[in-house]
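Asks: Provided below: final.txt, containing compact mmCIF, C-alpha atoms.
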```txt
# COMPACT_ATOMS: atom_id res chain seq x y z
CA MET A 170 -44.69 -31.61 68.17
CA ASN A 171 -43.02 -30.26 65.02
CA THR A 172 -44.76 -27.29 63.46
CA LEU A 173 -44.14 -25.54 60.19
CA PRO A 174 -42.82 -21.97 60.44
CA ALA A 175 -45.44 -19.27 59.99
CA LYS A 176 -45.80 -17.66 56.58
CA ARG A 177 -43.11 -15.05 56.04
CA HIS A 178 -43.55 -11.72 54.28
CA ILE A 179 -41.08 -10.34 51.75
CA GLY A 180 -40.61 -6.82 50.44
CA LEU A 181 -39.12 -6.18 47.01
CA ILE A 182 -36.79 -3.27 46.25
CA GLY A 183 -36.27 -2.15 42.67
CA GLY A 184 -39.40 -2.13 40.55
CA GLY A 185 -37.64 -3.11 37.29
CA ASN A 186 -37.28 -6.29 35.23
CA ILE A 187 -35.32 -8.25 37.82
CA THR A 188 -37.81 -7.30 40.53
CA ARG A 189 -40.52 -8.96 38.47
CA THR A 190 -38.35 -12.10 38.38
CA HIS A 191 -37.99 -11.86 42.17
CA ALA A 192 -41.76 -11.50 42.46
CA LEU A 193 -42.43 -14.58 40.32
CA ALA A 194 -39.90 -16.57 42.35
CA ALA A 195 -41.29 -15.34 45.67
CA ARG A 196 -44.85 -16.14 44.67
CA ALA A 197 -43.80 -19.69 43.79
CA ALA A 198 -41.80 -20.17 47.00
CA SER A 199 -43.47 -22.12 49.77
CA GLY A 200 -44.55 -20.20 52.88
CA LEU A 201 -43.88 -16.73 51.49
CA GLN A 202 -46.09 -13.78 50.71
CA ILE A 203 -45.14 -10.56 48.89
CA ALA A 204 -46.01 -7.71 51.24
CA ALA A 205 -44.67 -4.55 49.63
CA ILE A 206 -42.70 -3.25 46.64
CA PHE A 207 -40.53 -0.12 46.54
CA GLY A 208 -39.23 1.42 43.33
CA ALA A 209 -38.14 4.72 41.85
CA ASN A 210 -40.47 4.34 38.87
CA ALA A 211 -43.93 4.89 40.36
CA GLY A 212 -45.81 3.49 37.35
CA LYS A 213 -43.83 0.24 37.15
CA THR A 214 -43.92 -0.20 40.92
CA ALA A 215 -47.69 0.30 41.08
CA ALA A 216 -48.25 -2.17 38.24
CA LEU A 217 -46.08 -4.81 39.91
CA ALA A 218 -47.78 -4.27 43.26
CA GLU A 219 -51.21 -4.69 41.68
CA GLU A 220 -50.16 -7.84 39.82
CA PHE A 221 -48.71 -9.49 42.92
CA GLY A 222 -51.14 -8.22 45.56
CA ALA A 223 -48.64 -6.01 47.39
CA THR A 224 -48.50 -2.44 48.64
CA ALA A 225 -46.55 0.00 46.45
CA TYR A 226 -44.15 2.53 47.96
CA ALA A 227 -42.21 5.45 46.48
CA ASP A 228 -40.40 6.20 49.76
CA LEU A 229 -37.78 3.76 51.06
CA ASP A 230 -38.24 4.60 54.75
CA ALA A 231 -41.99 4.11 54.53
CA PHE A 232 -41.44 0.82 52.69
CA LEU A 233 -39.01 -0.46 55.32
CA ALA A 234 -41.54 0.38 58.04
CA HIS A 235 -44.23 -1.78 56.39
CA ARG A 236 -45.41 -4.64 58.55
CA PRO A 237 -45.70 -7.53 58.47
CA MET A 238 -42.39 -7.86 56.62
CA ASP A 239 -39.52 -10.20 57.52
CA LEU A 240 -37.06 -9.88 54.66
CA VAL A 241 -36.29 -7.86 51.55
CA ALA A 242 -35.05 -8.83 48.09
CA ILE A 243 -33.01 -6.04 46.52
CA GLY A 244 -33.12 -5.64 42.73
CA SER A 245 -32.13 -1.99 42.43
CA PRO A 246 -29.05 -0.65 40.57
CA SER A 247 -25.91 -2.35 41.89
CA GLY A 248 -24.43 0.78 43.46
CA LEU A 249 -27.41 1.00 45.83
CA HIS A 250 -27.32 -2.57 47.15
CA ALA A 251 -25.18 -2.02 50.24
CA ASP A 252 -26.85 1.24 51.30
CA GLN A 253 -30.33 -0.23 50.97
CA GLY A 254 -29.26 -3.47 52.63
CA ILE A 255 -27.83 -1.57 55.59
CA ALA A 256 -31.07 0.42 55.92
CA ALA A 257 -33.10 -2.81 55.90
CA ALA A 258 -30.85 -4.56 58.42
CA ARG A 259 -31.21 -1.63 60.80
CA ARG A 260 -34.98 -2.26 60.69
CA GLY A 261 -34.41 -5.90 61.66
CA LEU A 262 -35.07 -7.24 58.16
CA HIS A 263 -33.14 -10.10 56.56
CA VAL A 264 -31.41 -9.03 53.33
CA LEU A 265 -31.28 -10.96 50.04
CA THR A 266 -29.68 -8.90 47.28
CA GLU A 267 -29.04 -9.22 43.58
CA LYS A 268 -25.53 -9.71 42.28
CA PRO A 269 -23.09 -8.07 42.56
CA ILE A 270 -23.40 -7.57 46.30
CA ASP A 271 -22.38 -3.95 45.58
CA VAL A 272 -19.89 -2.12 43.36
CA SER A 273 -17.43 -1.55 46.22
CA THR A 274 -15.82 -3.95 48.70
CA VAL A 275 -15.61 -1.06 51.18
CA LYS A 276 -19.39 -0.68 51.15
CA THR A 277 -19.80 -4.45 51.07
CA ASP A 278 -17.78 -4.78 54.27
CA LEU A 279 -20.02 -2.17 55.91
CA LEU A 280 -23.08 -4.19 54.88
CA ILE A 281 -21.62 -7.45 56.22
CA LYS A 282 -20.74 -5.72 59.50
CA GLU A 283 -24.22 -4.23 59.83
CA VAL A 284 -26.13 -7.48 59.25
CA ARG A 285 -23.96 -9.18 61.87
CA ARG A 286 -24.66 -6.38 64.34
CA ALA A 287 -28.39 -6.58 63.61
CA GLY A 288 -28.48 -10.37 63.87
CA VAL A 289 -30.10 -10.84 60.45
CA LYS A 290 -29.15 -12.98 57.46
CA LEU A 291 -27.46 -11.76 54.27
CA GLY A 292 -27.64 -13.65 50.99
CA VAL A 293 -26.94 -12.92 47.33
CA PHE A 294 -28.67 -14.07 44.14
CA PHE A 295 -26.00 -16.18 42.48
CA GLN A 296 -28.71 -18.53 41.26
CA ASP A 297 -26.50 -20.47 38.83
CA ARG A 298 -25.17 -22.39 41.83
CA PHE A 299 -28.58 -24.07 42.10
CA LYS A 300 -28.84 -25.33 38.51
CA PRO A 301 -28.70 -29.16 38.27
CA GLU A 302 -25.78 -29.59 35.85
CA ILE A 303 -23.73 -26.93 37.63
CA LYS A 304 -24.36 -28.68 40.96
CA ARG A 305 -23.21 -31.88 39.30
CA LEU A 306 -20.01 -30.15 38.18
CA LYS A 307 -19.48 -28.78 41.69
CA ALA A 308 -19.79 -32.28 43.17
CA LEU A 309 -17.23 -33.54 40.65
CA MET A 310 -14.81 -30.76 41.63
CA ASP A 311 -15.37 -31.32 45.35
CA ARG A 312 -14.37 -34.97 45.06
CA LYS A 313 -11.30 -33.89 43.02
CA ALA A 314 -12.24 -36.06 40.06
CA LEU A 315 -10.09 -33.91 37.78
CA GLY A 316 -7.08 -34.28 40.06
CA LYS A 317 -4.81 -31.27 40.34
CA VAL A 318 -6.43 -28.38 38.44
CA ILE A 319 -4.08 -27.01 35.78
CA LEU A 320 -6.07 -24.56 33.66
CA ALA A 321 -9.51 -22.96 33.85
CA ASP A 322 -11.02 -20.58 31.39
CA ALA A 323 -14.40 -18.91 31.19
CA ARG A 324 -15.95 -16.97 28.33
CA VAL A 325 -19.00 -14.72 28.51
CA LYS A 326 -19.21 -13.51 24.91
CA TRP A 327 -22.59 -11.85 24.98
CA TYR A 328 -24.29 -9.10 23.03
CA ARG A 329 -26.42 -6.22 24.19
CA PRO A 330 -27.98 -3.83 21.66
CA PRO A 331 -27.32 -0.09 22.05
CA ALA A 332 -30.82 0.43 23.49
CA TYR A 333 -29.96 -1.79 26.46
CA TYR A 334 -27.69 0.97 27.73
CA ALA A 335 -29.31 4.01 26.09
CA ASP A 336 -32.71 3.29 27.64
CA SER A 337 -31.26 2.93 31.16
CA LYS A 338 -30.16 5.62 33.58
CA TRP A 339 -27.70 3.33 35.36
CA ARG A 340 -26.44 0.49 33.14
CA GLY A 341 -22.85 0.98 32.09
CA THR A 342 -22.27 3.83 34.56
CA LEU A 343 -19.41 3.72 37.02
CA ALA A 344 -21.46 5.04 39.95
CA LEU A 345 -24.39 2.61 39.76
CA ASP A 346 -23.16 -0.31 37.62
CA GLY A 347 -19.54 -0.17 38.77
CA GLY A 348 -18.43 -0.82 35.19
CA ALA A 349 -20.33 -2.91 32.68
CA ALA A 350 -19.68 -6.28 31.04
CA LEU A 351 -17.59 -7.77 33.85
CA ILE A 352 -19.41 -6.61 36.98
CA ASN A 353 -22.91 -6.93 35.52
CA GLN A 354 -22.90 -9.83 33.05
CA GLY A 355 -19.64 -11.65 33.71
CA ILE A 356 -19.80 -11.78 37.49
CA HIS A 357 -22.17 -14.78 37.54
CA THR A 358 -19.58 -16.83 35.68
CA LEU A 359 -16.72 -15.40 37.72
CA ASP A 360 -18.57 -16.51 40.87
CA LEU A 361 -18.87 -20.03 39.42
CA LEU A 362 -15.18 -20.13 38.53
CA LEU A 363 -14.23 -19.24 42.12
CA TRP A 364 -16.80 -21.68 43.53
CA LEU A 365 -15.55 -24.51 41.33
CA VAL A 366 -11.79 -23.94 41.18
CA GLY A 367 -10.93 -21.83 44.24
CA ASP A 368 -9.79 -18.36 45.23
CA VAL A 369 -7.78 -16.16 42.88
CA ALA A 370 -4.46 -14.71 44.11
CA SER A 371 -3.69 -12.20 41.36
CA VAL A 372 -4.90 -10.91 38.00
CA ASP A 373 -3.54 -9.20 34.90
CA ALA A 374 -6.22 -7.63 32.71
CA GLN A 375 -7.16 -5.23 29.95
CA LYS A 376 -10.45 -3.74 28.84
CA THR A 377 -11.95 -1.49 26.23
CA THR A 378 -15.25 0.09 25.25
CA ALA A 379 -15.36 -1.06 21.65
CA LEU A 380 -19.01 -0.83 20.63
CA HIS A 381 -21.23 0.96 23.13
CA ARG A 382 -21.33 4.57 24.28
CA ILE A 383 -20.99 3.88 28.01
CA GLU A 384 -18.63 4.73 30.87
CA GLY A 385 -17.87 1.10 31.61
CA GLU A 386 -16.25 -1.59 29.48
CA ASP A 387 -18.01 -3.74 26.91
CA THR A 388 -14.98 -6.01 26.23
CA LEU A 389 -12.55 -7.35 28.84
CA THR A 390 -9.93 -10.08 29.15
CA ALA A 391 -8.09 -11.21 32.28
CA LEU A 392 -5.38 -13.69 33.18
CA LEU A 393 -5.96 -15.32 36.55
CA GLU A 394 -3.57 -16.99 38.98
CA PHE A 395 -5.41 -19.20 41.47
CA ARG A 396 -4.13 -19.75 44.99
CA ASN A 397 -3.93 -23.49 44.30
CA GLY A 398 -1.46 -22.87 41.46
CA ALA A 399 -3.87 -23.21 38.54
CA LEU A 400 -3.91 -20.60 35.79
CA GLY A 401 -6.99 -19.13 34.18
CA VAL A 402 -8.35 -16.95 31.40
CA PHE A 403 -11.53 -14.92 31.76
CA VAL A 404 -13.41 -13.03 29.02
CA ALA A 405 -16.47 -10.84 29.54
CA ALA A 406 -18.17 -8.87 26.78
CA THR A 407 -21.47 -7.37 25.69
CA SER A 408 -20.02 -6.46 22.29
CA ILE A 409 -19.91 -9.87 20.58
CA CYS A 410 -22.71 -10.07 18.02
CA PRO A 411 -24.93 -12.08 17.95
CA GLY A 412 -23.90 -13.43 21.39
CA TYR A 413 -22.87 -16.95 22.40
CA PRO A 414 -23.57 -19.24 25.37
CA ARG A 415 -21.19 -18.75 28.28
CA ARG A 416 -18.56 -21.45 28.50
CA ILE A 417 -16.36 -22.75 31.30
CA GLU A 418 -13.55 -25.23 30.64
CA ILE A 419 -11.66 -26.80 33.54
CA SER A 420 -8.68 -29.07 32.92
CA GLY A 421 -6.86 -31.11 35.51
CA ALA A 422 -4.35 -33.93 35.64
CA GLN A 423 -7.16 -36.47 35.20
CA GLY A 424 -9.20 -34.83 32.45
CA THR A 425 -11.28 -31.91 31.24
CA VAL A 426 -14.89 -30.83 31.81
CA ILE A 427 -16.68 -28.25 29.67
CA LEU A 428 -19.83 -26.41 30.71
CA GLU A 429 -21.74 -24.48 28.06
CA HIS A 430 -24.60 -22.24 29.22
CA ASP A 431 -25.97 -24.43 32.05
CA GLY A 432 -25.12 -27.89 30.74
CA ILE A 433 -22.05 -30.15 30.76
CA ILE A 434 -21.24 -30.75 27.08
CA ALA A 435 -17.97 -32.63 27.53
CA MET A 436 -16.42 -34.75 30.26
CA ASP A 437 -13.24 -36.24 28.91
CA MET A 438 -11.59 -38.20 31.71
CA ARG A 439 -8.69 -40.62 31.97
CA ASP A 440 -11.10 -42.99 33.70
CA ALA A 441 -14.23 -42.25 31.69
CA ALA A 442 -16.09 -45.34 32.91
CA LYS A 443 -15.62 -44.42 36.57
CA GLU A 444 -16.89 -40.86 36.15
CA GLY A 445 -19.67 -41.68 33.70
CA ALA A 446 -18.72 -39.25 30.95
CA GLN A 447 -22.22 -38.07 30.18
CA ARG A 448 -22.94 -35.14 27.93
CA THR A 449 -25.96 -32.92 27.65
CA ALA A 450 -27.06 -30.99 24.61
CA ALA A 451 -25.89 -27.39 24.65
CA GLU A 452 -28.66 -24.85 25.11
CA ALA A 453 -28.83 -21.64 23.13
CA GLY A 454 -28.58 -19.51 26.26
CA GLN A 455 -31.03 -16.62 26.11
CA ASN A 456 -28.79 -14.42 28.26
CA ALA A 457 -26.26 -14.36 25.44
CA SER A 458 -28.37 -11.85 23.53
CA SER A 459 -31.10 -10.78 25.95
CA ALA A 460 -31.20 -9.48 29.51
CA ALA A 461 -34.57 -11.12 30.18
CA VAL A 462 -34.77 -14.00 32.68
CA ALA A 463 -37.01 -16.60 31.07
CA ASP A 464 -37.22 -18.97 34.07
CA ALA A 465 -37.45 -17.82 37.68
CA GLY A 466 -36.95 -21.35 39.01
CA ALA A 467 -33.32 -20.85 40.07
CA HIS A 468 -34.23 -17.57 41.77
CA GLN A 469 -36.97 -19.46 43.61
CA ALA A 470 -34.34 -21.97 44.79
CA VAL A 471 -32.22 -19.10 46.15
CA ILE A 472 -35.19 -17.67 48.02
CA GLU A 473 -36.20 -21.03 49.49
CA ASP A 474 -32.62 -21.72 50.59
CA PHE A 475 -32.55 -18.26 52.21
CA LEU A 476 -35.80 -18.92 54.08
CA ASN A 477 -34.40 -22.22 55.32
CA ALA A 478 -31.22 -20.42 56.44
CA ILE A 479 -33.38 -18.08 58.51
CA ASP A 480 -35.38 -20.94 60.00
CA THR A 481 -32.35 -23.10 60.85
CA ASP A 482 -29.97 -20.24 61.72
CA ARG A 483 -27.31 -21.16 59.18
CA GLU A 484 -25.50 -19.27 56.43
CA PRO A 485 -27.29 -19.11 53.04
CA ALA A 486 -25.80 -21.02 50.12
CA CYS A 487 -24.28 -17.78 48.87
CA SER A 488 -23.59 -15.55 51.87
CA GLY A 489 -22.29 -12.01 51.89
CA ALA A 490 -18.77 -13.26 52.52
CA GLU A 491 -19.01 -15.66 49.57
CA ALA A 492 -20.37 -12.96 47.25
CA ARG A 493 -17.59 -10.57 48.30
CA LYS A 494 -15.02 -12.89 46.69
CA SER A 495 -16.15 -12.26 43.11
CA LEU A 496 -16.39 -8.53 43.79
CA ALA A 497 -12.85 -8.47 45.19
CA VAL A 498 -11.56 -10.19 42.04
CA THR A 499 -13.58 -7.75 39.92
CA GLU A 500 -12.04 -4.78 41.72
CA ALA A 501 -8.56 -6.23 41.20
CA ILE A 502 -9.26 -6.75 37.49
CA TYR A 503 -10.41 -3.15 37.08
CA GLU A 504 -7.36 -1.92 39.00
CA SER A 505 -5.12 -4.00 36.75
CA CYS A 506 -6.74 -2.46 33.68
CA ARG A 507 -6.11 1.05 35.01
CA ALA A 508 -2.56 0.38 36.24
CA ARG A 509 -1.57 -1.91 33.34
CA ARG A 510 0.12 -4.37 35.68
CA ARG A 511 -0.58 -7.54 37.66
CA VAL A 512 -2.62 -6.86 40.79
CA ALA A 513 -3.06 -8.99 43.93
CA VAL A 514 -6.62 -9.77 45.02
CA ARG A 515 -7.45 -8.34 48.45
```
Could you express the structure from this file as structure tokens?
Replies:
Amino acid sequence: MNTLPAKRHIGLIGGGNITRTHALAARAASGLQIAAIFGANAGKTAALAEEFGATAYADLDAFLAHRPMDLVAIGSPSGLHADQGIAAARRGLHVLTEKPIDVSTVKTDLLIKEVRRAGVKLGVFFQDRFKPEIKRLKALMDRKALGKVILADARVKWYRPPAYYADSKWRGTLALDGGAALINQGIHTLDLLLWLVGDVASVDAQKTTALHRIEGEDTLTALLEFRNGALGVFVAATSICPGYPRRIEISGAQGTVILEHDGIIAMDMRDAAKEGAQRTAAEAGQNASSAAVADAGAHQAVIEDFLNAIDTDREPACSGAEARKSLAVTEAIYESCRARRRVAVR
């Protein structure tokens, strides 16, 4: 007789804005209960724990020892993701972490090695992969409807006010953010570009800090060479006032598709009737000017996929190895900016 898996218990690491998004998504997910929340800010952590019926912790070791708990969702500063994920894996807990997987591929590889040794799952919140129009675009690319891909460009021309960085101890720092506009804001779109077009072989990039008083960049451009021969242009910024919806344009031998924010706004194909060249109205894209996540539905989809991966012993939709790809390209882009030359992606 088939039986449903028992209710699972999740612990949340972070205590900030994204942890609240994780909590909303976890509460909405089927068969999941929020058990505990750990965060450096005791007041915020206690308030979240009270709101979601969980136990608050100020000590990571004590939090990881909480039972029952089957998995953790990490929403702490990016530079802590791998260390905290390794600590959780060593306690036998499955690990679902925010993007980027970490700020270092060296630490990322240690995390991937540790979860394999512990026999637990590792997933990453690249929730855009679950949005309906983006899934539609992925299906189109998988069936090679564009033919040979020639050119792909992506633009994340967003704006963050000075307070976004000034009021944070970690945003825009090299140690905990790994940079700024690219690794924090742009990496979602970089992940999509790799997912849709393919792996990148080399990059040539430049960056500047034009507006904000931060260690990392607020304006960056990169030229990409894909392994399949396509060329690409990537722009990431938090300096473009008032901020505009992210945009991805992919052109192949058989036509061009344009994604703006989360919707396909143009599908201009040689055989338009065959592909059904539908368009959707462009959305304003709240992320263009605000860090707030208005809808936790895509995060819920990530969590539910991760739970299913645990239950069926498969890889999550965005595994650690998948998430490493965008970080490796990010590292190459930053190296290119420092060295002022083309850099191969490792």
Asks: One decimal, in Å: what's the spacing between atom CA of A:Arg511 and atom CA of A:Val372?
Replies: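 Between atom CA of A:Arg511 and atom CA of A:Val372 the gap is 5.5 Å.
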Asks: Here is a test: counting all atoms listed in the file, which residue of A:Asp482, A:Glu302, A:Asp311, A:Glu394 is nearest to A:Ile433?
Replies: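 The answer is A:Glu302, which sits nearest to A:Ile433.
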Asks: Which one is closest to A:Lys300: A:Ala470, A:Ala335, A:Leu393, A:Ala234? Count all atoms listed in the file.
Replies: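 Answer, going by the shortest atom-to-atom distance: A:Ala470.
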Asks: Do you have the atom CA of A:Pro331-atom CA of A:Lys268 distance handy?
Replies: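 Between atom CA of A:Pro331 and atom CA of A:Lys268 the gap works out to 22.5 Å.
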Asks: Given the point (-8.1, -25.4, 40.8) in the coordinates of this file, which residues lie within 6 Å, counting all atoms listed in the file, and how would they look as a list in words?
Replies: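 The residues near that point, listed by chain and number, are Val318, Val366, Gly367, Asn397 and Ala399 of chain A.
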Asks: Restrict the selected residues to C-alpha atoms and save them as a tab-separated table (two decimals), in the coordinates of the input.
Replies:
```tsv
chain	number	residue	atom	x	y	z
A	318	VAL	CA	-6.43	-28.38	38.44
A	366	VAL	CA	-11.79	-23.94	41.18
A	367	GLY	CA	-10.93	-21.83	44.24
A	397	ASN	CA	-3.93	-23.49	44.30
A	399	ALA	CA	-3.87	-23.21	38.54
```
Asks: Using all atoms listed in the file, find the one residue out of A:Glu491, A:Asp336, A:Asp464, A:Glu473 that sits nearest to A:Ile179.
Replies: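 With all atoms listed in the file as the atom set, the closest residue is A:Glu473.
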Asks: So how far away is atom CA of A:Arg439 from atom CA of A:Gly401, in Å?
Replies: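 The value is 21.7 Å.
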Asks: Between A:Arg312, A:His250, A:His357, A:Arg324, which residue has the minimum interatomic distance to A:Gln296, considering all atoms listed in the file?
Replies: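 Closest candidate: A:His357.
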Asks: With a distance cut-off of 12 Å and all atoms listed in the file, select the neighbouring residues of A:Leu306, excluding the residue or stretch itself and same-chain residues fewer than 5 positions from it, and output the selection as a VMD selection string.
Replies: chain A and resid 297 to 301 311 to 315 361 to 362 364 to 366 417 to 419 425 to 429 431 to 436 444 446 to 448
Asks: Only N, CA and C atoms, please: stretch 309-320 of chain A from the block, as a PDB file, in the first residue's frame.
Replies:
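To be explicit, this is the file written out as result_16.pdb:
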```
ATOM      1  N   LEU A 309      11.399  25.572 -25.141  1.00  0.00           N
ATOM      2  CA  LEU A 309      11.675  26.004 -26.498  1.00  0.00           C
ATOM      3  C   LEU A 309      13.155  25.815 -26.833  1.00  0.00           C
ATOM      4  N   MET A 310      14.032  26.164 -25.886  1.00  0.00           N
ATOM      5  CA  MET A 310      15.468  26.012 -26.121  1.00  0.00           C
ATOM      6  C   MET A 310      15.863  24.541 -26.176  1.00  0.00           C
ATOM      7  N   ASP A 311      15.244  23.722 -25.337  1.00  0.00           N
ATOM      8  CA  ASP A 311      15.582  22.297 -25.306  1.00  0.00           C
ATOM      9  C   ASP A 311      15.223  21.595 -26.613  1.00  0.00           C
ATOM     10  N   ARG A 312      14.165  22.051 -27.263  1.00  0.00           N
ATOM     11  CA  ARG A 312      13.813  21.426 -28.547  1.00  0.00           C
ATOM     12  C   ARG A 312      14.475  22.149 -29.726  1.00  0.00           C
ATOM     13  N   LYS A 313      15.392  23.074 -29.410  1.00  0.00           N
ATOM     14  CA  LYS A 313      16.217  23.767 -30.410  1.00  0.00           C
ATOM     15  C   LYS A 313      15.372  24.501 -31.432  1.00  0.00           C
ATOM     16  N   ALA A 314      14.292  25.128 -30.950  1.00  0.00           N
ATOM     17  CA  ALA A 314      13.403  25.855 -31.850  1.00  0.00           C
ATOM     18  C   ALA A 314      14.082  27.059 -32.486  1.00  0.00           C
ATOM     19  N   LEU A 315      15.099  27.615 -31.826  1.00  0.00           N
ATOM     20  CA  LEU A 315      15.818  28.751 -32.397  1.00  0.00           C
ATOM     21  C   LEU A 315      16.916  28.318 -33.367  1.00  0.00           C
ATOM     22  N   GLY A 316      17.136  27.017 -33.475  1.00  0.00           N
ATOM     23  CA  GLY A 316      18.250  26.535 -34.277  1.00  0.00           C
ATOM     24  C   GLY A 316      19.566  26.829 -33.579  1.00  0.00           C
ATOM     25  N   LYS A 317      20.614  26.954 -34.341  1.00  0.00           N
ATOM     26  CA  LYS A 317      21.921  27.273 -33.774  1.00  0.00           C
ATOM     27  C   LYS A 317      21.865  28.638 -33.092  1.00  0.00           C
ATOM     28  N   VAL A 318      22.247  28.695 -31.808  1.00  0.00           N
ATOM     29  CA  VAL A 318      22.241  29.963 -31.082  1.00  0.00           C
ATOM     30  C   VAL A 318      23.432  30.805 -31.535  1.00  0.00           C
ATOM     31  N   ILE A 319      23.157  32.054 -31.846  1.00  0.00           N
ATOM     32  CA  ILE A 319      24.179  32.961 -32.373  1.00  0.00           C
ATOM     33  C   ILE A 319      24.592  33.993 -31.328  1.00  0.00           C
ATOM     34  N   LEU A 320      23.611  34.615 -30.700  1.00  0.00           N
ATOM     35  CA  LEU A 320      23.892  35.713 -29.766  1.00  0.00           C
ATOM     36  C   LEU A 320      22.898  35.685 -28.614  1.00  0.00           C
TER      37      LEU A 320
END
```
